[in-house]
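S.K.: If it helps, the file is called model-v7.txt and holds compact mmCIF, C-alpha atoms:
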```
# COMPACT_ATOMS: atom_id res chain seq x y z
CA MET Q 16 0.00 0.00 0.00
CA ILE Q 17 1.49 3.32 -1.02
CA LYS Q 18 1.69 6.28 1.33
CA MET Q 19 0.96 9.70 -0.08
CA GLN Q 20 1.30 13.23 1.24
CA THR Q 21 1.16 16.77 -0.10
CA TYR Q 22 3.72 19.57 -0.15
CA GLU Q 23 1.95 21.15 2.81
CA ASP Q 24 2.78 18.06 4.91
CA MET Q 25 6.49 18.88 4.70
CA LEU Q 26 8.02 19.40 8.15
CA VAL Q 27 10.72 22.02 8.67
CA LYS Q 28 12.49 22.55 11.99
CA VAL Q 29 15.47 24.63 13.01
CA LYS Q 30 18.18 22.43 14.52
CA TRP Q 31 20.64 25.19 15.30
CA ALA Q 32 21.32 28.81 14.43
CA THR Q 33 24.04 31.34 15.25
CA PRO Q 34 22.80 32.54 18.67
CA ASN Q 35 23.38 36.25 18.09
CA PRO Q 36 23.74 36.89 14.35
CA GLU Q 37 23.78 40.68 14.85
CA GLU Q 38 26.87 40.37 17.00
CA GLU Q 39 28.66 38.35 14.33
CA ILE Q 40 27.81 40.82 11.57
CA ARG Q 41 28.66 43.88 13.68
CA GLU Q 42 31.96 42.36 14.76
CA ALA Q 43 32.88 41.74 11.13
CA LEU Q 44 31.83 45.25 10.08
CA ASP Q 45 33.44 46.99 13.06
CA ASN Q 46 36.82 45.56 12.28
CA THR Q 47 36.79 45.76 8.52
CA MET Q 48 34.60 48.62 7.35
CA VAL Q 49 34.57 52.38 7.93
CA ASP Q 50 32.08 54.23 10.12
CA PHE Q 51 29.81 55.40 7.31
CA ILE Q 52 28.35 51.94 7.24
CA TYR Q 53 26.59 52.60 10.57
CA ILE Q 54 23.17 53.27 9.14
CA MET L 10 24.54 43.96 26.91
CA ILE L 11 26.93 42.60 24.27
CA LEU L 12 30.20 44.50 23.88
CA SER L 13 32.24 44.90 20.73
CA ILE L 14 35.29 42.63 21.01
CA PHE L 15 37.99 45.32 20.58
CA LYS L 16 36.23 48.65 21.23
CA ASN L 17 34.50 47.69 24.49
CA GLU L 18 31.40 49.48 23.25
CA PRO L 19 27.87 48.08 23.02
CA ILE L 20 27.09 46.24 19.78
CA LYS L 21 24.85 48.43 17.63
CA LYS L 22 21.67 47.00 16.16
CA VAL L 23 21.89 45.60 12.64
CA SER L 24 18.82 47.20 11.09
CA ALA L 25 16.91 45.91 8.06
CA LYS L 26 18.05 49.12 6.35
CA LEU L 27 21.71 48.25 6.93
CA LEU L 28 21.15 44.67 5.74
CA HIS L 29 19.38 45.90 2.62
CA PHE L 30 22.30 48.25 1.94
CA LEU L 31 24.89 45.48 2.43
CA PHE L 32 23.19 43.30 -0.19
CA LYS L 33 22.51 46.16 -2.60
CA ALA L 34 26.11 47.44 -2.37
CA GLU L 35 27.42 43.84 -2.50
CA HIS L 36 29.17 44.11 0.87
CA ASP L 37 27.28 40.96 1.81
CA SER L 38 30.20 38.61 2.58
CA VAL L 39 29.87 39.54 6.30
CA LEU L 40 26.51 37.74 6.28
CA GLU L 41 28.37 34.43 5.92
CA HIS L 42 29.19 34.60 9.66
CA ALA L 43 25.56 33.91 10.54
CA VAL L 44 24.44 30.33 9.95
CA ILE L 45 21.19 28.40 10.36
CA SER L 46 20.61 24.66 10.20
CA PHE L 47 17.28 23.02 9.28
CA MET L 48 15.95 19.48 9.40
CA ILE L 49 13.39 18.96 6.63
CA ARG L 50 11.14 15.89 6.29
CA GLY L 51 8.77 14.92 3.52
CA ALA L 52 10.01 16.90 0.53
CA SER L 53 10.23 15.09 -2.82
CA ARG L 54 13.28 13.98 -4.81
CA SER L 55 12.44 16.60 -7.47
CA TRP L 56 12.60 19.25 -4.71
CA LEU L 57 15.98 17.75 -3.78
CA ALA L 58 17.24 18.38 -7.32
CA GLN L 59 16.24 22.04 -6.98
CA ILE L 60 17.64 22.74 -3.51
CA THR L 61 21.01 21.11 -4.21
CA ARG L 62 21.57 23.67 -6.98
CA HIS L 63 22.13 26.17 -4.20
CA ARG L 64 25.67 24.97 -3.70
CA ILE L 65 26.78 27.29 -0.90
CA ALA L 66 25.28 25.16 1.87
CA SER L 67 25.92 21.86 3.64
CA MET L 68 23.47 19.09 2.80
CA THR L 69 22.74 15.54 3.85
CA SER L 70 19.82 13.67 2.30
CA SER L 71 18.07 10.30 2.57
CA SER L 72 20.04 7.54 0.88
CA GLN L 73 18.40 5.35 -1.75
CA HIS L 74 21.56 3.26 -1.55
CA TYR L 75 21.44 2.38 2.14
CA GLN L 76 17.74 2.80 2.95
CA ASP L 77 14.75 0.66 1.98
CA TYR L 78 12.56 3.13 0.12
CA ARG L 79 9.35 1.07 0.57
CA ASP L 80 8.90 2.96 3.85
CA TYR L 81 8.91 6.41 2.25
CA PRO L 82 5.76 8.26 1.11
CA PHE L 83 5.11 9.81 -2.30
CA VAL L 84 4.86 13.60 -2.23
CA VAL L 85 2.54 15.38 -4.67
CA HIS L 86 0.59 18.59 -5.23
CA LYS L 87 -2.74 18.48 -3.38
CA SER L 88 -4.60 18.42 -6.71
CA LEU L 89 -3.07 15.01 -7.49
CA VAL L 90 -3.76 13.20 -4.21
CA ASN L 91 -7.01 11.64 -5.43
CA LYS L 92 -6.10 11.10 -9.08
CA GLU L 93 -6.42 7.46 -10.09
CA GLN L 94 -3.68 7.72 -12.72
CA VAL L 95 -1.26 9.00 -10.08
CA HIS L 96 -2.09 6.17 -7.67
CA MET L 97 -1.67 3.61 -10.46
CA ALA L 98 1.75 5.01 -11.42
CA PHE L 99 2.98 5.00 -7.81
CA ASP L 100 1.55 1.54 -7.13
CA ASP L 101 3.29 0.20 -10.20
CA SER L 102 6.59 1.87 -9.36
CA LEU L 103 6.63 0.60 -5.78
CA LEU L 104 5.57 -2.91 -6.84
CA ARG L 105 8.40 -3.15 -9.38
CA TYR L 106 10.90 -1.78 -6.83
CA THR L 107 9.73 -4.41 -4.31
CA ILE L 108 10.02 -7.23 -6.88
CA LEU L 109 13.55 -6.15 -7.84
CA ILE L 110 14.60 -6.10 -4.16
CA GLN L 111 13.05 -9.56 -3.67
CA GLN L 112 15.00 -10.79 -6.70
CA GLY L 113 18.22 -9.72 -4.99
CA ILE L 114 18.83 -6.56 -7.01
CA PRO L 115 20.77 -4.08 -4.81
CA ARG L 116 18.77 -1.07 -3.53
CA GLU L 117 20.98 1.39 -5.40
CA GLU L 118 20.00 -0.30 -8.70
CA ALA L 119 16.36 -1.09 -7.85
CA ARG L 120 15.82 2.61 -7.03
CA GLN L 121 15.96 3.47 -10.73
CA VAL L 122 12.30 2.45 -11.07
CA LEU L 123 11.18 4.85 -8.32
CA THR L 124 9.59 8.20 -9.16
CA ASN L 125 10.63 11.80 -8.48
CA ALA L 126 7.74 12.03 -6.02
CA MET L 127 9.48 9.82 -3.43
CA ALA L 128 10.06 11.65 -0.18
CA VAL L 129 13.41 12.67 1.18
CA ASN L 130 14.66 13.76 4.58
CA PHE L 131 17.17 16.54 4.42
CA LYS L 132 19.56 18.30 6.78
CA TRP L 133 20.50 21.73 5.48
CA THR L 134 22.97 24.19 6.95
CA ILE L 135 23.23 27.50 5.17
CA ASN L 136 24.71 30.92 5.84
CA ALA L 137 22.66 34.12 5.72
CA ARG L 138 24.26 35.33 2.48
CA SER L 139 23.37 32.15 0.63
CA LEU L 140 19.92 31.90 2.24
CA TYR L 141 19.14 35.44 1.02
CA ASN L 142 19.95 34.32 -2.52
CA PHE L 143 17.90 31.12 -2.10
CA MET L 144 14.81 32.96 -0.85
CA ARG L 145 15.16 35.64 -3.54
CA LEU L 146 15.06 33.01 -6.29
CA ARG L 147 12.74 30.44 -4.76
CA MET L 148 10.03 32.66 -3.31
CA CYS L 149 9.44 33.97 -6.84
CA LEU L 150 5.93 33.20 -8.09
CA ARG L 151 7.37 31.63 -11.23
CA ASN L 152 8.96 28.90 -9.14
CA THR L 153 7.46 25.46 -8.45
CA ALA L 154 4.73 25.10 -5.84
CA GLU L 155 6.76 22.66 -3.74
CA ILE L 156 9.83 24.82 -3.28
CA ARG L 157 7.63 27.84 -2.56
CA VAL L 158 5.84 25.82 0.12
CA SER L 159 9.23 24.99 1.65
CA CYS L 160 10.10 28.73 1.59
CA SER L 161 6.82 29.50 3.36
CA LYS L 162 7.79 27.02 6.09
CA ILE L 163 11.37 28.28 6.34
CA PHE L 164 10.42 31.96 6.44
CA PRO L 165 8.67 32.10 9.87
CA LEU L 166 11.55 30.16 11.42
CA VAL L 167 14.02 32.69 10.05
CA GLN L 168 11.75 35.45 11.33
CA GLN L 169 11.99 34.00 14.86
CA TRP L 170 15.75 33.69 14.55
CA TRP L 171 16.50 37.16 13.16
CA PRO L 172 13.49 39.41 12.42
CA GLU L 173 15.43 42.28 10.77
CA TYR L 174 17.05 39.85 8.34
CA ALA L 175 13.74 38.13 7.53
CA GLU L 176 12.33 41.54 6.64
CA ILE L 177 14.61 41.82 3.59
CA LEU L 178 13.92 38.31 2.24
CA GLY L 179 11.76 37.90 -0.83
CA PRO L 180 11.75 37.92 -4.63
CA PRO L 181 12.82 41.11 -6.47
CA CYS L 182 9.19 42.17 -7.09
CA TYR L 183 8.74 42.27 -3.29
CA THR L 184 12.10 43.60 -2.09
CA ASN L 185 12.88 45.99 -4.98
CA GLY L 186 9.33 46.62 -6.20
CA LYS L 187 10.31 45.43 -9.66
CA CYS L 188 10.62 42.03 -11.36
CA ASN L 189 13.99 41.26 -12.97
CA GLN L 190 12.70 38.49 -15.25
CA GLU L 191 11.99 40.83 -18.17
CA PHE L 192 10.03 38.91 -20.87
CA MET L 193 9.57 35.95 -18.50
CA THR L 194 7.82 38.02 -15.81
CA CYS L 195 4.58 36.60 -14.44
CA GLY L 196 3.15 40.10 -14.15
CA ARG L 197 2.09 39.54 -10.54
CA LYS L 198 3.47 40.77 -7.22
CA TYR L 199 4.53 38.52 -4.38
CA ASP L 200 2.30 38.75 -1.31
CA ARG L 201 3.47 37.09 1.92
CA LYS L 202 -0.08 36.62 3.17
CA LYS L 203 -1.34 34.64 0.17
CA SER L 204 -1.48 30.82 -0.14
CA ILE L 205 1.67 29.39 -1.66
CA SER L 206 0.72 26.27 -3.60
CA GLY L 207 -2.57 27.57 -5.05
```
Could the structure of this file be written out as structure tokens, please?

M.R.:
Amino acid sequence: MIKMQTYEDMLVKVKWATPNPEEEIREALDNTMVDFIYI
Amino acid sequence: MILSIFKNEPIKKVSAKLLHFLFKAEHDSVLEHAVISFMIRGASRSWLAQITRHRIASMTSSSQHYQDYRDYPFVVHKSLVNKEQVHMAFDDSLLRYTILIQQGIPREEARQVLTNAMAVNFKWTINARSLYNFMRLRMCLRNTAEIRVSCSKIFPLVQQWWPEYAEILGPPCYTNGKCNQEFMTCGRKYDRKKSISG
């Protein structure tokens, strides 16, 4: 017997994510770019 | 309060405006320092062919070499669920796969009779620069229903993770107010509130 499901039955879960992405981006910008980028 | 590593000053907020500027001005390599990892169940093998074209990501998918695929469901558009022709095709495919396995044919060879609709489980780790590109291309209304459904499931999770970043995700007609597909344009505008698969 075949099993069928639709696209809407797809399950998506986050397993892990960078805890504070803003900190990572700011750290990179702070140490590589000039101040005008602070918008 | 989070302090900047060298300046001992508070980290300033990364606004959606700044993120939009970084992508527009192509200073977006800094976004690679932010990473998100998803576990996805129940997408189809044809979806797998699409998502693996986004090569700047780490991916692990269900193996038709080491797994018995009789346990996996078929994944279709909701308009096909009750179609007799579809059931007959899937029944036939799974029956022939089963017979080949019973005849001692290895799984990695028997799988050739399976259809693109077979489900796949997928672990996907992607950085924010590459995810921006993925969502820009795959949220487009010209894309397939299945990958747009996956975008609609990914989007709220990204929103929880990083709301300012989620704000700038979308196809060009949504983020820039103008389609970039020229003669291939669908002539519509993306709307986050509307149903995805139609």

S.K.: If you count all atoms listed in the file, which residues fall within 12 Å of L:Asp80, apart from same-chain ones fewer than 5 positions away, as a ChimeraX atom specification?

M.R.: /Q:16-19 /L:51,71,73,103,106-107,127-129

S.K.: Which one of L:Gln112, L:Thr194, L:Ser159, L:Asn152 sits closest to chain Q if you count only C-alpha atoms?

M.R.: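 The shortest atom-to-atom distance to chain Q comes from L:Ser159.
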
S.K.: Provide as a PDB file with C-alpha atoms, keeping the file's coordinate frame the residues of chain L at most 7 Å from chain Q, counting all atoms listed in the file.

M.R.:
```pdb
ATOM      1  CA  SER L  13      32.240  44.900  20.730  1.00  0.00           C
ATOM      2  CA  ILE L  20      27.090  46.240  19.780  1.00  0.00           C
ATOM      3  CA  LYS L  22      21.670  47.000  16.160  1.00  0.00           C
ATOM      4  CA  VAL L  23      21.890  45.600  12.640  1.00  0.00           C
ATOM      5  CA  LEU L  27      21.710  48.250   6.930  1.00  0.00           C
ATOM      6  CA  VAL L  39      29.870  39.540   6.300  1.00  0.00           C
ATOM      7  CA  LEU L  40      26.510  37.740   6.280  1.00  0.00           C
ATOM      8  CA  HIS L  42      29.190  34.600   9.660  1.00  0.00           C
ATOM      9  CA  ALA L  43      25.560  33.910  10.540  1.00  0.00           C
ATOM     10  CA  VAL L  44      24.440  30.330   9.950  1.00  0.00           C
ATOM     11  CA  ILE L  45      21.190  28.400  10.360  1.00  0.00           C
ATOM     12  CA  SER L  46      20.610  24.660  10.200  1.00  0.00           C
ATOM     13  CA  PHE L  47      17.280  23.020   9.280  1.00  0.00           C
ATOM     14  CA  MET L  48      15.950  19.480   9.400  1.00  0.00           C
ATOM     15  CA  ILE L  49      13.390  18.960   6.630  1.00  0.00           C
ATOM     16  CA  ARG L  50      11.140  15.890   6.290  1.00  0.00           C
ATOM     17  CA  GLY L  51       8.770  14.920   3.520  1.00  0.00           C
ATOM     18  CA  ALA L  52      10.010  16.900   0.530  1.00  0.00           C
ATOM     19  CA  PRO L  82       5.760   8.260   1.110  1.00  0.00           C
ATOM     20  CA  PHE L  83       5.110   9.810  -2.300  1.00  0.00           C
ATOM     21  CA  VAL L  84       4.860  13.600  -2.230  1.00  0.00           C
ATOM     22  CA  VAL L  85       2.540  15.380  -4.670  1.00  0.00           C
ATOM     23  CA  HIS L  86       0.590  18.590  -5.230  1.00  0.00           C
ATOM     24  CA  LYS L  87      -2.740  18.480  -3.380  1.00  0.00           C
ATOM     25  CA  ASP L 100       1.550   1.540  -7.130  1.00  0.00           C
ATOM     26  CA  GLU L 155       6.760  22.660  -3.740  1.00  0.00           C
ATOM     27  CA  VAL L 158       5.840  25.820   0.120  1.00  0.00           C
ATOM     28  CA  LYS L 162       7.790  27.020   6.090  1.00  0.00           C
ATOM     29  CA  ILE L 163      11.370  28.280   6.340  1.00  0.00           C
ATOM     30  CA  LEU L 166      11.550  30.160  11.420  1.00  0.00           C
TER      31      LEU L 166
END
```

S.K.: Pick the closest to L:Thr124 from L:His96, L:Arg197, L:Arg64, L:Arg151: which is it, counting only C-alpha atoms?

M.R.: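 Selected residue with least distance to L:Thr124: L:His96.
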
S.K.: For a test of reading the model, state the distance in Å between atom CA of L:Ser67 and atom CA of L:Gly179, rounded to one decimal.

M.R.: 21.9 Å

S.K.: Grab the atom CA of L:Phe32 to atom CA of L:Ala58 distance for me, in Å with one decimal place.

M.R.: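 Spanning atom CA of L:Phe32 to atom CA of L:Ala58 is a straight-line distance of 26.6 Å.
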